[in-house]
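Okay, run.pdb is below, PDB, C-alpha atoms:
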MODEL        1
ATOM      1  CA  GLY A 532     130.982  32.271-233.203
ATOM      2  CA  CYS A 533     131.200  35.367-235.435
ATOM      3  CA  GLU A 534     133.676  37.170-233.149
ATOM      4  CA  LYS A 535     131.228  39.728-231.727
ATOM      5  CA  SER A 536     133.186  39.971-228.458
ATOM      6  CA  HIS A 537     136.389  40.528-230.426
ATOM      7  CA  PHE A 538     134.624  43.228-232.462
ATOM      8  CA  ASN A 539     133.343  44.925-229.280
ATOM      9  CA  ASN A 540     136.821  44.859-227.743
ATOM     10  CA  ALA A 541     138.323  46.306-230.946
ATOM     11  CA  ILE A 542     135.782  49.139-230.848
ATOM     12  CA  ARG A 543     136.557  49.765-227.176
ATOM     13  CA  THR A 544     140.320  49.785-227.824
ATOM     14  CA  MET A 545     139.956  52.149-230.772
ATOM     15  CA  ILE A 546     137.774  54.572-228.821
ATOM     16  CA  LEU A 547     139.936  54.464-225.703
ATOM     17  CA  SER A 548     143.039  55.211-227.794
ATOM     18  CA  HIS A 549     141.541  58.654-228.448
ATOM     19  CA  ARG A 550     141.919  60.281-225.074
ATOM     20  CA  SER A 551     139.109  62.762-225.721
ATOM     21  CA  GLU A 552     136.625  59.911-226.169
ATOM     22  CA  ASN A 553     135.091  57.958-223.329
ATOM     23  CA  ILE A 554     132.476  55.215-223.482
ATOM     24  CA  ILE A 555     130.301  53.300-221.076
ATOM     25  CA  ILE A 556     130.114  49.573-221.809
ATOM     26  CA  THR A 557     126.974  47.785-220.703
ATOM     27  CA  SER A 558     124.910  44.682-221.303
ATOM     28  CA  THR A 559     121.376  43.572-220.624
ATOM     29  CA  THR A 560     122.477  40.795-218.234
ATOM     30  CA  GLY A 561     124.937  40.655-215.382
ATOM     31  CA  LEU A 562     126.742  37.616-216.785
ATOM     32  CA  THR A 563     127.510  39.233-220.138
ATOM     33  CA  ALA A 564     128.260  42.593-218.494
ATOM     34  CA  ASN A 565     130.912  40.851-216.416
ATOM     35  CA  ALA A 566     132.335  39.123-219.505
ATOM     36  CA  ILE A 567     132.834  42.456-221.309
ATOM     37  CA  PHE A 568     134.147  44.271-218.201
ATOM     38  CA  GLY A 569     131.094  46.517-218.087
ATOM     39  CA  SER A 570     127.919  46.887-216.070
ATOM     40  CA  THR A 571     124.283  46.209-216.719
ATOM     41  CA  ILE A 572     122.457  48.947-218.601
ATOM     42  CA  HIS A 573     119.943  49.094-215.754
ATOM     43  CA  SER A 574     122.557  49.791-213.084
ATOM     44  CA  ALA A 575     124.576  52.176-215.276
ATOM     45  CA  LEU A 576     121.548  54.399-215.925
ATOM     46  CA  CYS A 577     119.426  53.697-212.808
ATOM     47  CA  LEU A 578     116.640  52.222-214.927
ATOM     48  CA  PRO A 579     113.557  50.522-213.487
ATOM     49  CA  VAL A 580     113.541  46.729-213.314
ATOM     50  CA  GLY A 581     110.500  44.498-213.648
ATOM     51  CA  ARG A 582     107.143  46.227-213.464
ATOM     52  CA  ARG A 583     108.444  49.452-211.950
ATOM     53  CA  ARG A 584     107.801  52.526-214.069
ATOM     54  CA  PHE A 585     110.357  54.962-215.388
ATOM     55  CA  ALA A 586     110.686  58.190-213.423
ATOM     56  CA  LEU A 587     113.056  61.126-213.544
ATOM     57  CA  LEU A 588     115.702  60.921-210.846
ATOM     58  CA  SER A 589     116.055  63.304-207.936
ATOM     59  CA  GLU A 590     118.482  66.170-208.398
ATOM     60  CA  ASN A 591     120.985  64.522-206.031
ATOM     61  CA  SER A 592     120.874  61.204-207.936
ATOM     62  CA  ILE A 593     121.073  62.817-211.351
ATOM     63  CA  GLU A 594     124.071  64.935-210.283
ATOM     64  CA  LYS A 595     125.962  61.751-209.399
ATOM     65  CA  LEU A 596     125.213  60.338-212.865
ATOM     66  CA  ARG A 597     126.132  63.618-214.555
ATOM     67  CA  HIS A 598     129.498  63.477-212.815
ATOM     68  CA  GLN A 599     130.032  59.878-214.024
ATOM     69  CA  PHE A 600     129.010  60.818-217.589
ATOM     70  CA  ILE A 601     130.752  64.192-217.791
ATOM     71  CA  ASN A 602     133.268  63.092-220.454
ATOM     72  CA  VAL A 603     131.261  60.199-221.885
ATOM     73  CA  ASN A 604     130.669  60.360-225.651
ATOM     74  CA  GLY A 605     129.349  56.867-226.300
ATOM     75  CA  LEU A 606     127.441  53.918-224.961
ATOM     76  CA  ILE A 607     127.722  50.257-225.976
ATOM     77  CA  ILE A 608     124.833  47.937-225.116
ATOM     78  CA  ASP A 609     125.669  44.270-225.609
ATOM     79  CA  GLU A 610     123.043  41.516-225.964
ATOM     80  CA  PHE A 611     120.523  44.047-227.257
ATOM     81  CA  SER A 612     118.212  41.214-228.348
ATOM     82  CA  MET A 613     117.017  41.013-224.743
ATOM     83  CA  LEU A 614     116.272  44.752-224.593
ATOM     84  CA  ARG A 615     112.572  45.639-224.757
ATOM     85  CA  ALA A 616     111.426  48.527-226.933
ATOM     86  CA  LYS A 617     110.224  50.492-223.930
ATOM     87  CA  GLU A 618     113.632  50.041-222.268
ATOM     88  CA  LEU A 619     115.350  51.667-225.247
ATOM     89  CA  PHE A 620     112.940  54.566-224.761
ATOM     90  CA  TYR A 621     113.880  54.668-221.055
ATOM     91  CA  ILE A 622     117.581  54.679-221.983
ATOM     92  CA  ASN A 623     116.954  57.606-224.306
ATOM     93  CA  GLN A 624     115.035  59.499-221.608
ATOM     94  CA  ARG A 625     117.701  58.904-218.956
ATOM     95  CA  LEU A 626     120.564  59.940-221.250
ATOM     96  CA  GLN A 627     118.692  63.113-222.195
ATOM     97  CA  GLN A 628     118.229  63.840-218.480
ATOM     98  CA  ILE A 629     121.879  63.119-217.665
ATOM     99  CA  LYS A 630     123.329  65.091-220.576
ATOM    100  CA  MET A 631     120.663  67.836-220.422
ATOM    101  CA  ASN A 632     120.330  67.403-224.173
ATOM    102  CA  ILE A 633     117.104  66.639-226.071
ATOM    103  CA  LYS A 634     118.897  64.995-228.998
ATOM    104  CA  PRO A 635     118.360  61.218-229.268
ATOM    105  CA  TYR A 636     120.317  59.462-226.517
ATOM    106  CA  GLY A 637     121.310  62.837-225.102
ATOM    107  CA  GLY A 638     123.683  63.348-228.032
ATOM    108  CA  LEU A 639     125.744  60.227-227.251
ATOM    109  CA  CYS A 640     126.845  57.764-229.912
ATOM    110  CA  VAL A 641     125.067  54.497-229.122
ATOM    111  CA  MET A 642     126.108  51.059-230.370
ATOM    112  CA  LEU A 643     123.878  48.031-229.950
ATOM    113  CA  ALA A 644     125.628  44.670-230.220
ATOM    114  CA  GLY A 645     124.081  41.256-230.246
ATOM    115  CA  ASP A 646     122.256  38.610-232.193
ATOM    116  CA  PRO A 647     118.510  39.086-232.691
ATOM    117  CA  GLY A 648     118.362  35.370-233.481
ATOM    118  CA  GLN A 649     119.083  34.629-229.829
ATOM    119  CA  LEU A 650     116.868  35.240-226.801
ATOM    120  CA  PRO A 651     114.136  37.826-227.337
ATOM    121  CA  PRO A 652     113.126  40.156-224.504
ATOM    122  CA  VAL A 653     110.944  38.760-221.739
ATOM    123  CA  LEU A 654     107.406  40.164-221.613
ATOM    124  CA  GLY A 655     108.039  42.940-224.078
ATOM    125  CA  ILE A 656     108.262  44.048-227.681
ATOM    126  CA  ALA A 657     111.539  43.175-229.436
ATOM    127  CA  LEU A 658     113.346  46.102-231.071
ATOM    128  CA  TRP A 659     113.156  44.550-234.523
ATOM    129  CA  GLU A 660     109.367  44.119-234.373
ATOM    130  CA  ASN A 661     107.154  46.005-236.791
ATOM    131  CA  ILE A 662     106.065  49.345-235.369
ATOM    132  CA  THR A 663     102.419  48.280-235.712
ATOM    133  CA  TYR A 664     103.015  45.870-232.793
ATOM    134  CA  ALA A 665     103.616  48.751-230.378
ATOM    135  CA  LYS A 666     101.327  48.357-227.369
ATOM    136  CA  ASN A 667     101.849  51.839-225.957
ATOM    137  CA  GLU A 668     103.716  55.091-226.509
ATOM    138  CA  TYR A 669     106.870  53.795-224.774
ATOM    139  CA  ASP A 670     107.093  50.827-227.140
ATOM    140  CA  LEU A 671     106.372  53.059-230.139
ATOM    141  CA  CYS A 672     109.100  55.525-229.157
ATOM    142  CA  GLY A 673     111.571  52.685-228.499
ATOM    143  CA  LEU A 674     110.880  51.077-231.876
ATOM    144  CA  THR A 675     111.254  54.457-233.583
ATOM    145  CA  LEU A 676     114.585  55.075-231.831
ATOM    146  CA  PHE A 677     115.818  51.650-232.938
ATOM    147  CA  ASN A 678     114.677  52.156-236.538
ATOM    148  CA  ASN A 679     116.468  55.513-236.667
ATOM    149  CA  LEU A 680     119.889  54.073-235.806
ATOM    150  CA  SER A 681     122.108  54.986-238.728
ATOM    151  CA  LYS A 682     124.235  51.906-239.412
ATOM    152  CA  ALA A 683     123.956  48.165-239.065
ATOM    153  CA  ILE A 684     126.959  45.886-239.345
ATOM    154  CA  HIS A 685     126.195  42.205-239.762
ATOM    155  CA  LEU A 686     128.851  39.686-238.727
ATOM    156  CA  ASP A 687     127.821  36.505-240.471
ATOM    157  CA  ILE A 688     130.886  34.287-240.746
ATOM    158  CA  ASN A 689     131.320  31.716-237.990
ATOM    159  CA  TYR A 690     135.045  31.687-237.234
ATOM    160  CA  ARG A 691     134.749  28.917-234.626
ATOM    161  CA  LEU A 692     133.535  26.463-237.233
ATOM    162  CA  ASP A 693     135.876  23.600-238.120
ATOM    163  CA  ARG A 694     135.463  23.577-241.912
ATOM    164  CA  THR A 695     137.265  20.222-242.163
ATOM    165  CA  ASP A 696     134.421  18.511-240.248
ATOM    166  CA  LEU A 697     131.673  17.923-242.834
ATOM    167  CA  ASP A 698     129.020  17.151-240.201
ATOM    168  CA  THR A 699     129.735  20.447-238.442
ATOM    169  CA  VAL A 700     129.586  22.353-241.735
ATOM    170  CA  TYR A 701     126.300  20.636-242.634
ATOM    171  CA  PHE A 702     124.803  21.445-239.208
ATOM    172  CA  ASN A 703     125.967  25.080-239.402
ATOM    173  CA  ASP A 704     124.438  25.466-242.855
ATOM    174  CA  PHE A 705     121.196  23.988-241.512
ATOM    175  CA  LEU A 706     121.139  26.432-238.599
ATOM    176  CA  THR A 707     121.821  29.345-240.930
ATOM    177  CA  ARG A 708     118.893  28.372-243.149
ATOM    178  CA  LEU A 709     116.710  27.836-240.093
TER     179      LEU A 709
ENDMDL
END
As structure tokens, what does this structure read like?
Amino acid sequence: GCEKSHFNNAIRTMILSHRSENIIITSTTGLTANAIFGSTIHSALCLPVGRRRFALLSENSIEKLRHQFINVNGLIIDEFSMLRAKELFYINQRLQQIKMNIKPYGGLCVMLAGDPGQLPPVLGIALWENITYAKNEYDLCGLTLFNNLSKAIHLDINYRLDRTDLDTVYFNDFLTRL
């Protein structure tokens, strides 16, 4: 209700209006990826799903991704609340491999969008957890990457709320406090 989708579309429109800029738009689930006209982060970066472990791609596979990312400057990941810490580490590793650049995220500008008050990741450490909760080096690196993101923009006004309905306002205020 705080117009996150509108914000994401405004960002996309602004970036696409600069012809030298190109972004990949992804989400953690297929349903939301479809809603934002993107793809899942796992399919976009050939990331492991489930219990499979991260591995560098073959030269043939990585060349295909390098061709797709040749003019890409940025990456948007929607519904980041469902992203596990180790998956952010995997994203970083894959982007470094694709871009042949050891800077964080291979030098790309990365934007995480979502509501950490919604669904947390399944069977993993949430990105906003304290670093002391890291179970392994992948989680620790993912939490560090998240904590080193430079800006956070909080959208906290619910524009879908009918302010003339006192029960709705009361319930919204309750949820906010909760």
Taking into account all atoms listed in the file, which residue in the set A:Ser612, A:Asn667, A:Asn602, A:Ser681 is nearest to Ser558 in chain A?
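Ranking A:Ser612, A:Asn667, A:Asn602, A:Ser681 by distance to Ser558 in chain A, first place goes to A:Ser612.
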In Å to one decimal, how far is CA of Ile554 in chain A from CA of Lys634 in chain A?
17.6 Å
Name the residues that the PyMOL selection byres ((chain A and resi 662) around 8) picks from the file above, as an mmCIF file with C-alpha atoms, keeping the file's coordinate frame, using the file's chain letters and numbers.
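As written to disk, selection13.cif reads:
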data_model
loop_
_atom_site.group_PDB
_atom_site.id
_atom_site.type_symbol
_atom_site.label_atom_id
_atom_site.label_comp_id
_atom_site.auth_asym_id
_atom_site.auth_seq_id
_atom_site.Cartn_x
_atom_site.Cartn_y
_atom_site.Cartn_z
ATOM 1 C CA GLU A 660 109.367 44.119 -234.373
ATOM 2 C CA ASN A 661 107.154 46.005 -236.791
ATOM 3 C CA THR A 663 102.419 48.280 -235.712
ATOM 4 C CA TYR A 664 103.015 45.870 -232.793
ATOM 5 C CA ALA A 665 103.616 48.751 -230.378
ATOM 6 C CA LEU A 671 106.372 53.059 -230.139
ATOM 7 C CA LEU A 674 110.880 51.077 -231.876
ATOM 8 C CA THR A 675 111.254 54.457 -233.583
#
Using all atoms listed in the file for the distances, tell me which of A:Ile622, A:Asn604, A:Thr557, A:His598 is nearest to Ala586 in chain A.
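Closest residue, counting all atoms listed in the file: A:Ile622.
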Expanded to explicit residues, what is the PyMOL selection byres ((chain A and resi 683) around 12) for this file, as number ranges by chain?
A: 641-646, 677-682, 684-686
Could you turn the residues from that selection into a file that holds C-alpha atoms, as a compact mmCIF listing (two decimals), in the frame of the given file?
# COMPACT_ATOMS: atom_id res chain seq x y z
CA VAL A 641 125.07 54.50 -229.12
CA MET A 642 126.11 51.06 -230.37
CA LEU A 643 123.88 48.03 -229.95
CA ALA A 644 125.63 44.67 -230.22
CA GLY A 645 124.08 41.26 -230.25
CA ASP A 646 122.26 38.61 -232.19
CA PHE A 677 115.82 51.65 -232.94
CA ASN A 678 114.68 52.16 -236.54
CA ASN A 679 116.47 55.51 -236.67
CA LEU A 680 119.89 54.07 -235.81
CA SER A 681 122.11 54.99 -238.73
CA LYS A 682 124.24 51.91 -239.41
CA ILE A 684 126.96 45.89 -239.34
CA HIS A 685 126.20 42.20 -239.76
CA LEU A 686 128.85 39.69 -238.73
